[in-house]
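Chemist: Next up is a structure, given as structure tokens.
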Amino acid sequence: MKEFLQRLQRSGVPEGKDEVDNEVIVHKTDGPLDIVQGQIKNDKGISLAIYRLPNNIEEQCLHGCIEKVLGLVPRLNFGLKQFYNIVILGSVADITKAEQRIRENYRGENEIGFYAWNTTTGSNNKSGNLGMINCAESFLIHHAAVGNNVLPEHFNFGEELVSNFIGNDNNNDILERLIGLFSQECDWILDINSSKASATLMALKTKRNAIYLCETNDEEFYVKREISDTKRNRLDG
């Protein structure tokens, strides 16, 4: 027993607790993509940032969003972390354009994947065609590091080969898969604009820390309430 408690203390887990209580920073800002270095107090750095492109975005606006997202993360990581991942979600057409823009203008390696909604057959299939996919969207993973290298730390799946196609029933399943593949437990996840803070809540559920960027008082109140409920449910479970 004494040896077990010593191991717990060395790992940073207090006696009597099964796990470290993950942290969430809710940061209210008028411009999530315009945050400057040092504005958010986090001394660990961001391992994974998640951003969803707006629907029906024009190409010029898409280029502007990409530039701001890829400028935001290195600002927040300056002097803290030299390698990280950025996940960008959107339509297949928009993600294809985003990958080309990043490849032509930024250092780092990119991967594109796809995910599908309502892949079940039978009465629950909403496409109206048995066995066919109702809707497919896409995601881009940008692996950034000094020297333009892809490192083992960019991944959380060892040497196994992982498919770039994810078939799931809802957005939370996709976020859980992406967070699990491209970050480690206790890493910091930057949730730039997920709907109803879904990436932040999934980060908590998968034992990560999170930074959520919100723009209104109502959004801040809602997110803090959901975070409290998620933490409580995790403890109860």
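All residue names refer to the structure tokens as shown: chains lettered A, B, ... in order, residues numbered from 1 in each chain, ligands numbered from 1 in order.
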Could you pull out the strand (DSSP E or B) residues of stretch 64-222 of chain A from DSSP and send them as a VMD selection string?
Modeler: chain A and resid 83 to 90 109 to 117 135 to 145 165 to 167 188 to 191 209 to 214
Chemist: List the neighbours of stretch 224-236 of chain A out to 12 Å using only C-alpha atoms; skip same-chain residues closer than 5 positions along the sequence, and give me the result as a count of residues only.
Modeler: 34
Chemist: May I ask which of the residues A:Gln37, A:Asn56, A:Asn85, A:Thr29 is the closest one to A:Leu190, counting only C-alpha atoms?
Modeler: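 Looking only at the distances to A:Leu190, the closest residue turns out to be A:Asn85.
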Chemist: In Å, rounded to a single decimal, give me how far atom CA of A:Asp173 is from atom CA of A:His143.
Modeler: 21.8 Å
Chemist: Please report the interatomic distance between atom CA of A:Leu53 and atom CA of A:Gly90 in Å with one decimal.
Modeler: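 Separation between atom CA of A:Leu53 and atom CA of A:Gly90: 5.4 Å.
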Chemist: Select, from A:Leu76, A:Glu59, A:Ala98, A:Ala144, the residue with the minimum atom-to-atom distance to A:Lys41, counting only C-alpha atoms.
Modeler: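 Ranking A:Leu76, A:Glu59, A:Ala98, A:Ala144 by distance to A:Lys41, first place goes to A:Leu76.
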Chemist: Considering only C-alpha atoms, state which residue in the set A:Glu160, A:Asp187, A:Asn193, A:Leu70 is at the smallest distance from A:Ile102.
Modeler: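 Counting only C-alpha atoms, the residue closest to A:Ile102 is A:Leu70.
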Chemist: List as a ChimeraX atom specification the protein and nucleic acid residues near A:Ile95, meaning an atom at most 9 Å away when only C-alpha atoms are counted, but skip any in the same chain fewer than 2 places from it.
Modeler: /A:53,88-93,97-100,112,137-140
Chemist: How many Å separate atom CA of A:Ile46 from atom CA of A:Lys81?
Modeler: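 It comes out at 7.1 Å.
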Chemist: Could you pull the residues within 10 Å of A:Val150, counting only C-alpha atoms, minus those fewer than 5 positions along the same chain, as a ChimeraX atom specification?
Modeler: /A:83-84,108-110,142-145,155
Chemist: Enumerate, as a PyMOL selection string, the complete set of residues in stretch 29-187 of chain A that a backbone-based DSSP assignment places in alpha helix (DSSP H).
Modeler: chain A and resi 59-77+92-105+171-182
Chemist: Looking at only C-alpha atoms, which of A:Arg107, A:Val162, A:Asp94, A:Gly113 is the one that sits closest to A:Glu58?
Modeler: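 For A:Glu58, the nearest of the given residues is A:Asp94.
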